[in-house]
file entry.txt (compact mmCIF, C-alpha atoms)
# COMPACT_ATOMS: atom_id res chain seq x y z
CA MET A 1 107.66 20.83 64.81
CA ASN A 2 110.07 18.01 64.11
CA THR A 3 111.13 19.17 60.71
CA GLU A 4 114.82 18.87 59.91
CA ARG A 5 117.05 21.76 60.80
CA LYS A 6 118.51 23.54 57.83
CA PRO A 7 122.26 23.90 58.21
CA ARG A 8 122.83 27.60 57.94
CA LEU A 9 121.22 30.97 57.50
CA SER A 10 123.55 33.82 56.87
CA ILE A 11 122.65 37.43 56.21
CA ASN A 12 125.36 39.71 54.89
CA GLY A 13 123.95 43.01 53.81
CA ALA A 14 120.24 43.59 54.23
CA ALA A 15 117.61 40.89 53.99
CA THR A 16 114.20 39.82 55.23
CA VAL A 17 113.58 36.12 55.80
CA ASP A 18 110.69 33.98 57.02
CA GLY A 19 112.28 32.14 59.94
CA GLY A 20 112.35 28.39 60.48
CA ARG A 21 114.67 25.84 62.05
CA TYR A 22 118.42 26.12 61.58
CA ARG A 23 121.65 24.89 63.02
CA GLU A 24 123.44 28.16 62.68
CA VAL A 25 122.23 31.69 62.03
CA LYS A 26 124.65 34.55 61.43
CA ILE A 27 123.63 38.13 60.86
CA ALA A 28 126.37 40.45 59.69
CA GLY A 29 124.36 43.29 58.21
CA GLN A 30 120.75 44.07 58.82
CA GLY A 31 118.23 41.26 59.04
CA THR A 32 114.53 40.99 59.68
CA ILE A 33 112.93 37.67 60.56
CA ASN A 34 109.19 37.61 59.99
CA GLU A 35 108.21 34.46 61.85
CA ASP A 36 109.50 32.15 64.58
CA LEU A 37 113.16 31.27 64.51
CA ASP A 38 114.63 28.22 66.20
CA THR A 39 118.36 27.70 65.98
CA ILE A 40 121.22 26.07 67.82
CA GLN A 41 123.60 28.97 67.31
CA LEU A 42 122.70 32.58 66.79
CA THR A 43 125.29 35.26 66.19
CA VAL A 44 124.31 38.86 65.56
CA ASN A 45 127.08 41.20 64.55
CA GLY A 46 124.86 43.77 62.92
CA HIS A 47 121.23 44.41 63.56
CA LEU A 48 118.52 41.78 63.82
CA GLU A 49 114.84 42.50 64.16
CA GLY A 50 112.60 39.57 65.04
CA LEU A 51 108.85 39.70 64.53
CA GLY A 52 108.22 36.21 65.90
CA ASP A 53 109.61 34.19 68.82
CA ILE A 54 113.34 33.54 68.80
CA ALA A 55 114.84 30.45 70.41
CA ALA A 56 118.54 29.66 70.41
CA GLU A 57 120.80 27.40 72.40
CA LEU A 58 123.85 29.58 72.15
CA MET A 59 123.34 33.24 71.43
CA THR A 60 125.92 35.97 70.97
CA VAL A 61 124.86 39.53 70.23
CA ASN A 62 127.61 41.96 69.37
CA GLY A 63 125.33 44.44 67.68
CA ARG A 64 121.62 44.91 68.26
CA LEU A 65 118.84 42.41 68.60
CA VAL A 66 115.28 43.65 68.90
CA THR A 67 112.44 41.19 69.09
CA GLN A 68 108.71 41.87 69.23
CA ARG A 69 107.89 38.55 70.90
CA ASP A 70 109.61 36.11 73.28
CA LEU A 71 113.31 35.36 73.30
CA SER A 72 114.78 32.23 74.83
CA ALA A 73 118.35 30.99 74.96
CA LYS A 74 120.26 28.43 76.99
CA LYS A 75 123.39 30.50 77.01
CA ALA A 76 123.40 34.13 75.98
CA GLN A 77 126.19 36.65 75.75
CA VAL A 78 125.13 40.21 75.10
CA ASN A 79 127.91 42.60 74.16
CA GLY A 80 125.64 45.09 72.47
CA LEU A 81 121.96 45.73 73.01
CA VAL A 82 119.10 43.29 73.31
CA LYS A 83 115.55 44.55 73.53
CA VAL A 84 112.71 42.09 74.07
CA TRP A 85 109.04 43.02 74.02
CA GLY A 86 107.91 39.62 75.26
CA ASP A 87 109.33 37.33 77.93
CA LEU A 88 113.06 36.79 78.08
CA GLN A 89 114.38 33.43 79.16
CA ALA A 90 118.08 32.70 79.31
CA SER A 91 119.48 29.99 81.57
CA ARG A 92 122.89 31.62 81.60
CA LEU A 93 122.96 35.28 80.71
CA ARG A 94 126.03 37.49 80.56
CA ILE A 95 125.42 41.13 79.89
CA HIS A 96 128.36 43.24 78.81
CA GLY A 97 126.13 45.82 77.22
CA GLU A 98 122.48 46.50 77.78
CA VAL A 99 119.38 44.34 78.02
CA VAL A 100 115.92 45.86 77.96
CA GLY A 101 112.93 43.64 78.68
CA LYS A 102 109.30 44.65 78.58
CA GLN A 103 108.06 41.55 80.44
CA ASN A 104 109.68 39.05 82.80
CA LEU A 105 113.20 37.67 82.78
CA THR A 106 113.73 34.06 83.84
CA SER A 107 117.23 32.71 84.26
CA GLU A 108 119.52 30.59 86.41
CA SER A 109 122.55 32.78 86.36
CA ILE A 110 122.79 36.43 85.36
CA HIS A 111 126.11 38.20 85.32
CA ILE A 112 126.12 41.87 84.43
CA TYR A 113 128.86 44.27 83.45
CA GLY A 114 126.46 46.79 82.06
CA SER A 115 122.85 47.56 82.45
CA LEU A 116 119.52 45.80 82.74
CA LYS A 117 116.10 47.43 82.42
CA LEU A 118 113.06 45.33 83.05
CA ASP A 119 109.37 46.16 83.26
CA GLY A 120 108.42 42.85 84.87
CA ASP A 121 109.98 40.48 87.40
CA CYS A 122 113.45 39.01 87.35
CA ASN A 123 113.70 35.39 88.54
CA THR A 124 117.12 33.78 88.75
CA ASP A 125 119.31 31.68 91.01
CA SER A 126 122.19 34.13 90.94
CA PHE A 127 122.38 37.82 90.05
CA THR A 128 125.91 39.19 90.16
CA GLY A 129 128.20 41.75 88.63
CA LYS A 130 128.92 45.44 88.39
CA ALA A 131 125.76 46.93 87.17
CA GLN A 132 123.14 49.53 86.79
CA PHE A 133 119.68 48.02 86.86
CA GLN A 134 116.11 49.09 86.86
CA ILE A 135 113.55 46.40 87.63
CA ASN A 136 109.98 47.55 87.93
CA GLY A 137 108.83 44.29 89.50
CA LEU A 138 110.43 41.83 91.89
CA LEU A 139 114.06 40.79 91.77
CA ASN A 140 113.97 37.25 93.14
CA ALA A 141 117.32 35.45 93.40
CA ASP A 142 119.09 33.08 95.78
CA GLN A 143 122.34 34.99 95.56
CA ILE A 144 122.56 38.68 94.78
CA ASP A 145 125.98 40.31 94.75
CA ILE A 146 126.06 43.62 92.93
CA GLY A 147 128.44 46.53 92.76
CA LEU A 148 126.37 49.59 91.89
CA TYR A 149 127.45 51.75 88.98
CA GLY A 150 124.81 54.35 88.32
CA GLY A 151 121.31 54.89 89.70
CA SER A 152 119.47 51.64 90.14
CA SER A 153 116.03 50.66 91.30
CA ALA A 154 113.74 47.72 91.95
CA LYS A 155 110.28 47.52 93.40
CA GLU A 156 111.16 44.60 95.66
CA ILE A 157 114.15 42.37 96.22
CA GLY A 158 113.87 38.93 97.78
CA GLY A 159 116.26 36.05 98.25
CA GLU A 160 118.67 34.22 100.47
CA LYS A 161 121.87 36.25 100.37
CA ILE A 162 121.66 39.84 99.21
CA ILE A 163 124.78 41.98 98.95
CA ILE A 164 124.55 45.45 97.42
CA LYS A 165 127.66 47.60 97.48
CA LYS A 166 128.81 50.76 95.87
CA GLY A 167 131.02 50.20 92.85
CA ARG A 168 134.40 51.65 93.77
CA LYS A 169 136.26 51.44 90.53
CA TRP A 170 135.24 54.76 89.00
CA ASP A 171 135.12 56.75 92.22
CA LYS A 172 137.99 59.03 91.30
CA LEU A 173 137.29 59.11 87.61
CA LEU A 174 133.58 59.90 87.80
CA PRO A 175 132.97 61.31 91.26
CA TRP A 176 129.58 62.72 90.21
CA LEU A 177 128.22 59.29 89.29
CA GLN A 178 125.20 58.70 91.52
CA SER A 179 125.40 55.06 92.44
CA GLU A 180 122.35 54.56 94.52
CA LEU A 181 119.72 51.86 94.78
CA LYS A 182 116.10 52.77 95.42
CA VAL A 183 113.83 49.96 96.50
CA GLU A 184 110.60 49.61 98.44
CA CYS A 185 111.25 46.38 100.23
CA ILE A 186 114.17 43.98 100.67
CA GLU A 187 113.72 40.55 102.27
CA GLY A 188 116.42 37.95 102.72
CA ASP A 189 118.30 35.76 105.16
CA TYR A 190 121.60 37.62 104.92
CA ILE A 191 121.52 41.24 103.79
CA GLU A 192 124.42 43.63 103.37
CA LEU A 193 123.70 47.08 101.94
CA GLU A 194 125.47 50.25 100.88
CA ASN A 195 124.07 53.33 99.14
CA THR A 196 120.54 52.00 99.40
CA GLN A 197 117.28 53.78 100.01
CA ALA A 198 114.53 51.45 101.20
CA LYS A 199 111.24 51.68 102.99
CA ILE A 200 111.61 48.35 104.72
CA VAL A 201 114.34 45.75 105.08
CA ARG A 202 113.51 42.40 106.66
CA GLY A 203 115.96 39.58 107.35
CA LYS A 204 117.81 37.30 109.70
CA GLN A 205 121.17 39.04 109.60
CA ILE A 206 121.29 42.63 108.42
CA ILE A 207 124.38 44.76 107.94
CA ILE A 208 123.76 48.34 106.89
CA GLY A 209 126.88 49.93 105.44
CA LYS A 210 127.59 53.48 104.35
CA ASP A 211 125.09 55.95 102.94
CA CYS A 212 121.82 54.13 103.39
CA THR A 213 118.43 55.55 104.23
CA ILE A 214 116.11 52.88 105.58
CA ASP A 215 112.73 53.68 107.11
CA ARG A 216 112.27 50.44 109.00
CA ILE A 217 114.33 47.34 109.69
CA GLU A 218 112.96 44.07 111.02
CA TYR A 219 115.64 41.53 111.93
CA GLN A 220 115.70 38.12 113.54
CA ASP A 221 119.27 37.40 114.63
CA SER A 222 121.58 40.36 114.23
CA TYR A 223 121.70 43.92 112.99
CA THR A 224 124.44 46.53 112.69
CA ALA A 225 124.44 49.93 111.01
CA HIS A 226 127.17 52.31 109.89
CA THR A 227 127.00 55.72 111.52
CA ASP A 228 126.74 57.42 108.12
CA SER A 229 123.41 55.75 107.46
CA LYS A 230 119.95 56.81 108.56
CA VAL A 231 117.67 54.16 109.95
CA GLY A 232 114.17 55.15 111.05
CA GLU A 233 113.59 52.24 113.37
CA ALA A 234 115.03 48.78 113.85
CA VAL A 235 112.92 46.09 115.46
CA LYS A 236 113.94 42.60 116.52
CA ILE A 237 111.21 40.18 115.56
CA MET B 1 84.03 33.06 101.76
CA ASP B 2 86.58 34.79 103.94
CA GLN B 3 89.61 32.62 104.48
CA GLU B 4 91.99 32.99 107.34
CA LEU B 5 95.22 34.74 106.37
CA ILE B 6 98.73 34.46 107.74
CA SER B 7 101.39 37.15 107.39
CA LYS B 8 104.73 36.30 105.82
CA LYS B 9 106.51 36.91 109.11
CA ASP B 10 104.26 34.51 111.02
CA LEU B 11 104.48 31.99 108.24
CA LEU B 12 108.28 31.90 108.32
CA HIS B 13 108.12 31.43 112.07
CA GLU B 14 105.35 28.86 112.15
CA ALA B 15 106.59 26.73 109.25
CA ASP B 16 110.23 27.21 110.28
CA ILE B 17 111.48 28.26 106.85
CA SER B 18 113.73 31.08 105.66
CA TYR B 19 113.16 33.98 103.28
CA GLY B 20 115.53 32.27 100.87
CA GLN B 21 113.40 29.12 100.78
CA LEU B 22 110.16 31.01 100.38
CA TYR B 23 111.49 33.11 97.50
CA ARG B 24 113.07 30.06 95.89
CA TRP B 25 109.81 28.13 96.03
CA LYS B 26 107.95 31.08 94.64
CA ARG B 27 110.44 31.31 91.80
CA LYS B 28 110.09 27.64 90.99
CA GLN B 29 106.31 28.05 91.02
CA LEU B 30 105.78 25.70 93.91
CA ILE B 31 103.65 28.40 95.50
CA PRO B 32 101.13 29.97 93.15
CA GLU B 33 101.31 33.68 92.51
CA GLU B 34 97.70 34.23 93.59
CA TRP B 35 98.46 33.10 97.13
CA PHE B 36 100.64 36.16 97.65
CA ILE B 37 98.12 38.70 98.90
CA ARG B 38 99.35 42.24 99.41
CA LYS B 39 97.86 44.41 102.09
CA SER B 40 98.84 47.74 103.55
CA THR B 41 99.52 47.73 107.25
CA PHE B 42 100.78 50.48 109.52
CA THR B 43 104.37 49.40 108.81
CA GLY B 44 103.85 49.53 105.06
CA GLN B 45 103.04 46.83 102.55
CA GLU B 46 102.94 43.31 103.85
CA THR B 47 102.31 40.00 102.18
CA PHE B 48 99.71 37.57 103.46
CA PHE B 49 98.85 34.02 102.48
CA PRO B 50 95.76 31.84 102.77
CA ARG B 51 96.76 30.14 106.00
CA GLU B 52 95.56 26.60 105.56
CA LYS B 53 96.62 26.26 101.92
CA ILE B 54 100.12 27.61 102.37
CA LEU B 55 100.90 25.59 105.50
CA GLU B 56 99.69 22.42 103.82
CA ARG B 57 101.73 23.18 100.70
CA ILE B 58 104.91 23.90 102.66
CA GLU B 59 104.45 20.70 104.63
CA LYS B 60 104.29 18.80 101.34
CA ILE B 61 107.30 20.58 99.89
CA LYS B 62 109.34 19.71 102.98
CA GLN B 63 108.17 16.14 102.85
CA HIS B 64 109.17 15.62 99.21
CA LYS B 65 112.14 17.92 98.81
CA ASP B 66 114.71 15.21 99.52
CA ASP B 67 113.46 12.72 96.97
CA LEU B 68 112.25 15.06 94.21
CA SER B 69 113.95 18.01 92.53
CA LEU B 70 112.28 21.41 92.80
CA ASP B 71 111.30 21.23 89.15
CA ASN B 72 109.70 17.83 89.71
CA LEU B 73 107.91 19.24 92.73
CA ALA B 74 106.48 21.99 90.58
CA GLN B 75 105.13 19.32 88.23
CA LEU B 76 103.59 17.57 91.18
CA PHE B 77 101.57 20.62 92.13
CA THR B 78 100.69 21.80 88.65
CA LYS B 79 97.10 21.76 87.47
CA LYS B 80 98.27 22.27 83.91
CA ILE B 81 98.58 18.62 83.09
CA ASP B 82 98.63 19.25 79.34
CA GLU B 83 101.82 21.26 79.52
CA GLU B 84 103.86 18.59 81.25
CA PRO B 85 105.49 16.04 78.96
CA HIS B 86 105.85 13.63 81.89
CA PHE B 87 102.12 13.34 82.18
CA GLN B 88 101.28 12.65 78.60
CA ASN B 89 100.85 9.36 76.84
CA ILE B 90 101.35 7.15 79.82
CA SER B 91 102.34 3.64 78.92
CA LEU B 92 100.08 0.92 80.33
CA SER B 93 102.80 -1.72 80.31
CA HIS B 94 105.02 0.69 82.19
CA LEU B 95 102.38 1.15 84.88
CA LEU B 96 102.05 -2.61 85.16
CA SER B 97 105.77 -3.31 85.32
CA ASN B 98 106.25 -0.66 88.00
CA GLU B 99 103.41 -2.22 89.98
CA MET B 100 101.48 1.02 90.01
CA ILE B 101 98.60 -0.95 88.60
CA SER B 102 97.87 -4.63 89.17
CA GLN B 103 96.70 -7.23 86.72
CA ALA B 104 93.34 -7.34 88.52
CA THR B 105 92.74 -3.65 87.87
CA ARG B 106 93.68 -4.00 84.26
CA ASP B 107 91.32 -6.91 83.82
CA LEU B 108 88.50 -5.02 85.46
CA CYS B 109 88.94 -2.03 83.18
CA GLN B 110 89.77 -4.16 80.15
CA LEU B 111 86.21 -3.96 78.84
CA GLU B 112 86.57 -0.39 77.80
CA LEU B 113 90.24 -0.36 77.01
CA THR B 114 91.24 -0.71 73.43
CA ASN B 115 94.40 -2.42 72.34
CA VAL B 116 96.61 0.65 72.50
CA ASP B 117 99.29 0.78 75.13
CA THR B 118 99.43 4.54 75.72
CA LEU B 119 96.79 6.23 77.79
CA PRO B 120 95.90 9.87 78.27
CA TYR B 121 96.55 11.16 81.77
CA SER B 122 92.93 11.13 82.92
CA GLN B 123 92.38 7.48 81.95
CA ALA B 124 95.60 6.39 83.58
CA PHE B 125 94.62 8.18 86.75
CA THR B 126 91.22 6.47 86.76
CA LEU B 127 93.05 3.13 86.68
CA PHE B 128 95.16 4.28 89.59
CA VAL B 129 92.04 5.13 91.59
CA ILE B 130 90.54 1.73 90.87
CA GLU B 131 93.80 0.12 91.92
CA GLU B 132 93.64 1.98 95.22
CA ILE B 133 90.05 0.87 95.76
CA LEU B 134 90.71 -2.78 94.96
CA SER B 135 93.87 -2.96 97.04
CA SER B 136 92.07 -1.44 100.02
CA GLY B 137 89.99 -4.60 100.05
CA SER B 138 86.80 -2.88 101.14
CA CYS B 139 85.01 -3.02 97.81
CA SER B 140 83.95 -5.99 95.76
CA LEU B 141 84.73 -6.27 92.08
CA GLU B 142 81.15 -5.41 91.22
CA GLU B 143 81.33 -2.27 93.34
CA ALA B 144 84.62 -1.31 91.74
CA LYS B 145 82.93 -1.57 88.36
CA LEU B 146 80.23 0.77 89.55
CA ILE B 147 82.85 3.28 90.65
CA LEU B 148 84.68 2.88 87.37
CA THR B 149 81.63 3.95 85.39
CA LEU B 150 81.16 6.98 87.64
CA LEU B 151 84.80 8.00 87.23
CA ARG B 152 84.72 7.45 83.51
CA ASP B 153 81.79 9.83 83.15
CA GLN B 154 83.54 12.56 85.11
CA GLU B 155 87.06 11.83 83.92
CA GLU B 156 87.68 15.23 82.35
CA SER B 157 86.47 17.30 85.30
CA PHE B 158 87.91 15.50 88.30
CA ILE B 159 91.51 15.92 87.35
CA GLN B 160 91.08 19.70 87.53
CA LYS B 161 88.97 19.97 90.66
CA PRO B 162 89.56 18.70 94.17
CA TYR B 163 87.04 15.88 94.44
CA VAL B 164 86.37 13.36 97.14
CA LEU B 165 85.03 9.93 96.36
CA PHE B 166 82.57 8.46 98.83
CA VAL B 167 81.37 4.90 98.70
CA THR B 168 78.52 3.98 101.01
CA ARG B 169 76.67 0.77 101.54
CA LYS B 170 73.12 0.42 102.72
CA LEU B 171 71.42 -2.96 103.12
CA GLY B 172 74.17 -4.50 101.04
CA VAL B 173 73.76 -2.08 98.13
CA ALA B 174 76.68 0.21 97.35
CA THR B 175 76.44 3.81 96.15
CA ALA B 176 79.37 5.86 94.82
CA ILE B 177 79.35 9.64 95.14
CA LEU B 178 81.80 12.14 93.72
CA LEU B 179 81.83 15.30 95.78
CA HIS B 180 83.64 18.62 95.80
CA GLN B 181 86.27 18.57 98.53
CA HIS B 182 84.96 21.43 100.62
CA ASP B 183 81.29 20.51 100.51
CA GLU B 184 79.60 19.03 103.50
CA VAL B 185 77.82 15.76 103.18
CA HIS B 186 75.52 13.89 105.56
CA PHE B 187 74.28 10.33 105.33
CA ASP B 188 71.42 8.62 107.08
CA SER B 189 72.39 6.33 109.91
CA ALA B 190 71.63 3.13 108.04
CA SER B 191 74.26 3.96 105.42
CA LYS B 192 77.75 2.88 106.17
CA ILE B 193 80.61 4.86 104.64
CA ILE B 194 83.02 2.26 103.40
CA MET B 195 85.35 4.56 101.55
CA ASN B 196 86.33 8.22 101.71
CA LEU B 197 89.04 8.96 99.22
CA SER B 198 90.53 12.38 98.44
CA LEU B 199 91.23 12.32 94.73
CA ASP B 200 93.47 15.36 95.04
CA GLU B 201 95.78 13.58 97.43
CA LEU B 202 95.66 10.45 95.35
CA GLN B 203 96.51 12.44 92.28
CA GLU B 204 99.57 13.88 93.96
CA ARG B 205 100.72 10.40 94.82
CA PHE B 206 100.06 9.29 91.26
CA LYS B 207 102.10 12.14 89.84
CA GLN B 208 104.89 11.48 92.27
CA GLN B 209 105.07 7.85 91.24
CA LEU B 210 105.02 8.82 87.58
CA LEU B 211 107.91 11.19 88.17
CA THR B 212 109.99 8.74 90.16
CA HIS B 213 109.34 5.76 87.91
CA GLY B 214 109.27 7.79 84.73
CA GLY B 215 105.96 6.28 83.67
CA ILE B 216 106.15 7.78 80.24
CA SER B 217 106.15 5.77 77.09

call {"tool": "encode", "arguments": {"input": "entry.txt", "output": "structure tokens"}}
result
Amino acid sequence: MNTERKPRLSINGAATVDGGRYREVKIAGQGTINEDLDTIQLTVNGHLEGLGDIAAELMTVNGRLVTQRDLSAKKAQVNGLVKVWGDLQASRLRIHGEVVGKQNLTSESIHIYGSLKLDGDCNTDSFTGKAQFQINGLLNADQIDIGLYGGSSAKEIGGEKIIIKKGRKWDKLLPWLQSELKVECIEGDYIELENTQAKIVRGKQIIIGKDCTIDRIEYQDSYTAHTDSKVGEAVKI
Amino acid sequence: MDQELISKKDLLHEADISYGQLYRWKRKQLIPEEWFIRKSTFTGQETFFPREKILERIEKIKQHKDDLSLDNLAQLFTKKIDEEPHFQNISLSHLLSNEMISQATRDLCQLELTNVDTLPYSQAFTLFVIEEILSSGSCSLEEAKLILTLLRDQEESFIQKPYVLFVTRKLGVATAILLHQHDEVHFDSASKIIMNLSLDELQERFKQQLLTHGGIS
């Protein structure tokens, strides 16, 4: 494990390599890495396919990165597409394109200007941005502040402060864009929602904005609802 | 065995915590996934927890959360000792200099210790147990040796399972018994229980001290 890092791996054109430990890895054409790769810097401008685990401290993907196993990075910037069949771990993740994960995503800070699709759970301290997301498991974050652009869904959302609003920017440009969040259950201390369909929302302070359909609300301290929204029942616990 | 359950709502109320805290602790793996039990109720899906376990765990989290980080707390509760670098290759001289283990304990265990300074977790914990026993003052050196041999034999299993150590004395002869935490035990009236030590609790204290002193080599 403690072998020396090789200084640089660079693929320009098409190549298949074994993997290993590097300081810097740059893919400009099409690369395939057969085994585990561990590098300080990883830059993908073309297409990289990983067959083993990939670990990087600083990762930038401007093209496509597809990996069959786990991907971990301290800081990751995705401007293109990243698809991970294993677990995805990125302490700081910025998505300006699309991230698709087949398992869980673990992070500290996720900022999205694009889309996130996840088959597992998403665990992070903060989850912010203007986004379309589809999380088949639990979205668990201290701070959630999302402007919805496009149909989104999650099985459950839990955290401290949860703010979901409709993205306003493209209202006039793309009036047909359905920006709606579908979720079974939302639980948090402070919850503010717009354009959300939920079976149950539980929290201390709940503010229901425009265009929500909520079957049941359980609140501790306060609750208000916009007249445009439908709320089945609201119970003070 | 059917254990008593508590709903998430009641838990938040009873333990006086917020959704944010509960989700944060879940995320940091301070509360194991298998304690979240889903059940359908007339208002839809609800989450329940094993009552006693979760209340005890939350009490501990609250107690430690000011002096340990959440990540350290997770290490404190983990049963996966092998995966934690903090708990591997514990330095004997470090334990001595931090007064986690006294000279007397070292001397007692010296017989079986080789000249190496680093100890695996289980051995280091055994020393810690002996230290606790000697410093309690209720066992003699001979009795401590007896306990040491018992612990040594079971070293691999008792770090994974919640054991209780009983020491009884009858007509001046001591017996040491290692027992599963939730089992009942009865002694005859002539036996006097001189020690009843929860190894699980002791282990938590041991880990906490390792984390605060950085008892790694």

call {"tool": "residues_around", "arguments": {"input": "entry.txt", "residues": "Leu48 (chain A)", "least_positions_apart": "3", "cutoff": "6 Å", "atoms": "all atoms listed in the file", "output": "JSON, numbers by chain"}}
result
{"A": [30, 31, 32, 65]}

call {"tool": "closest_atom_pairs", "arguments": {"input": "entry.txt", "of": "region 118-216 of chain B", "to": "region 83-98 of chain B", "cutoff": "10 Å", "atoms": "all atoms listed in the file", "output": "tab-separated table"}}
result
residue	atom	partner	partner_atom	distance
B:Thr118	CA	B:Ser91	CA	4.4
B:Leu119	CA	B:Ile90	CA	5.1
B:Pro120	CA	B:Asn89	CA	5.2
B:Tyr121	CA	B:Gln88	CA	5.9
B:Ser122	CA	B:Phe87	CA	9.5
B:Gln123	CA	B:Ile90	CA	9.2
B:Ala124	CA	B:Ile90	CA	6.9
B:Phe125	CA	B:Ile90	CA	9.7
B:Leu127	CA	B:Leu95	CA	9.7
B:Phe128	CA	B:Leu95	CA	9.2
B:Lys207	CA	B:Phe87	CA	7.8
B:Gln209	CA	B:Asn98	CA	9.2
B:Leu210	CA	B:His86	CA	7.5
B:Leu211	CA	B:His86	CA	7.0
B:His213	CA	B:Asn98	CA	7.1
B:Gly214	CA	B:His86	CA	7.3
B:Gly215	CA	B:His94	CA	5.9
B:Ile216	CA	B:Ile90	CA	4.9

call {"tool": "closest_residue", "arguments": {"input": "entry.txt", "among": "A:Gly50, A:Gly29, A:Gly150, A:Gly63", "to": "Val17 (chain A)", "atoms": "all atoms listed in the file"}}
result
A:Gly50

call {"tool": "closest_residue", "arguments": {"input": "entry.txt", "among": "A:Ile54, A:Leu105, A:Ile110, A:Ile11", "to": "chain B", "atoms": "only C-alpha atoms"}}
result
A:Leu105

call {"tool": "residues_near_point", "arguments": {"input": "entry.txt", "point": "(129.4, 46.9, 83.8)", "cutoff": "6 Å", "atoms": "only C-alpha atoms", "output": "list in words"}}
result
Tyr113, Gly114, Lys130 and Ala131 of chain A

call {"tool": "atom_distance", "arguments": {"input": "entry.txt", "atom1": "CA of Glu56 (chain B)", "atom2": "CA of Asp183 (chain B)"}}
result
18.8 Å

call {"tool": "interface_residues", "arguments": {"input": "entry.txt", "of": "chain B", "to": "chain A", "cutoff": "7 Å", "atoms": "all atoms listed in the file", "output": "list in words"}}
result
Ser18, Tyr19, Gly20, Tyr23, Arg24 and Arg27 of chain B

call {"tool": "residues_around", "arguments": {"input": "entry.txt", "residues": "Gly52 (chain A)", "least_positions_apart": "2", "cutoff": "12 Å", "atoms": "all atoms listed in the file", "output": "number ranges by chain"}}
result
A: 17-20, 32-38, 48-50, 54-55, 66-72, 84-86

call {"tool": "write_last_selection", "arguments": {"input": "entry.txt", "atoms": "C-alpha atoms", "output": "PDB file, in the coordinates of the input"}}
result
ATOM      1  CA  VAL A  17     113.580  36.120  55.800  1.00  0.00           C
ATOM      2  CA  ASP A  18     110.690  33.980  57.020  1.00  0.00           C
ATOM      3  CA  GLY A  19     112.280  32.140  59.940  1.00  0.00           C
ATOM      4  CA  GLY A  20     112.350  28.390  60.480  1.00  0.00           C
ATOM      5  CA  THR A  32     114.530  40.990  59.680  1.00  0.00           C
ATOM      6  CA  ILE A  33     112.930  37.670  60.560  1.00  0.00           C
ATOM      7  CA  ASN A  34     109.190  37.610  59.990  1.00  0.00           C
ATOM      8  CA  GLU A  35     108.210  34.460  61.850  1.00  0.00           C
ATOM      9  CA  ASP A  36     109.500  32.150  64.580  1.00  0.00           C
ATOM     10  CA  LEU A  37     113.160  31.270  64.510  1.00  0.00           C
ATOM     11  CA  ASP A  38     114.630  28.220  66.200  1.00  0.00           C
ATOM     12  CA  LEU A  48     118.520  41.780  63.820  1.00  0.00           C
ATOM     13  CA  GLU A  49     114.840  42.500  64.160  1.00  0.00           C
ATOM     14  CA  GLY A  50     112.600  39.570  65.040  1.00  0.00           C
ATOM     15  CA  ILE A  54     113.340  33.540  68.800  1.00  0.00           C
ATOM     16  CA  ALA A  55     114.840  30.450  70.410  1.00  0.00           C
ATOM     17  CA  VAL A  66     115.280  43.650  68.900  1.00  0.00           C
ATOM     18  CA  THR A  67     112.440  41.190  69.090  1.00  0.00           C
ATOM     19  CA  GLN A  68     108.710  41.870  69.230  1.00  0.00           C
ATOM     20  CA  ARG A  69     107.890  38.550  70.900  1.00  0.00           C
ATOM     21  CA  ASP A  70     109.610  36.110  73.280  1.00  0.00           C
ATOM     22  CA  LEU A  71     113.310  35.360  73.300  1.00  0.00           C
ATOM     23  CA  SER A  72     114.780  32.230  74.830  1.00  0.00           C
ATOM     24  CA  VAL A  84     112.710  42.090  74.070  1.00  0.00           C
ATOM     25  CA  TRP A  85     109.040  43.020  74.020  1.00  0.00           C
ATOM     26  CA  GLY A  86     107.910  39.620  75.260  1.00  0.00           C
TER      27      GLY A  86
END

call {"tool": "atom_distance", "arguments": {"input": "entry.txt", "atom1": "CA of Gly129 (chain A)", "atom2": "CA of Ile186 (chain A)"}}
result
18.6 Å

call {"tool": "residues_around", "arguments": {"input": "entry.txt", "residues": "Lys170 (chain B)", "least_positions_apart": "5", "cutoff": "10 Å", "atoms": "all atoms listed in the file", "output": "list in words"}}
result
Thr175, Asp188, Ser189, Ala190, Ser191, Lys192 and Ile193 of chain B
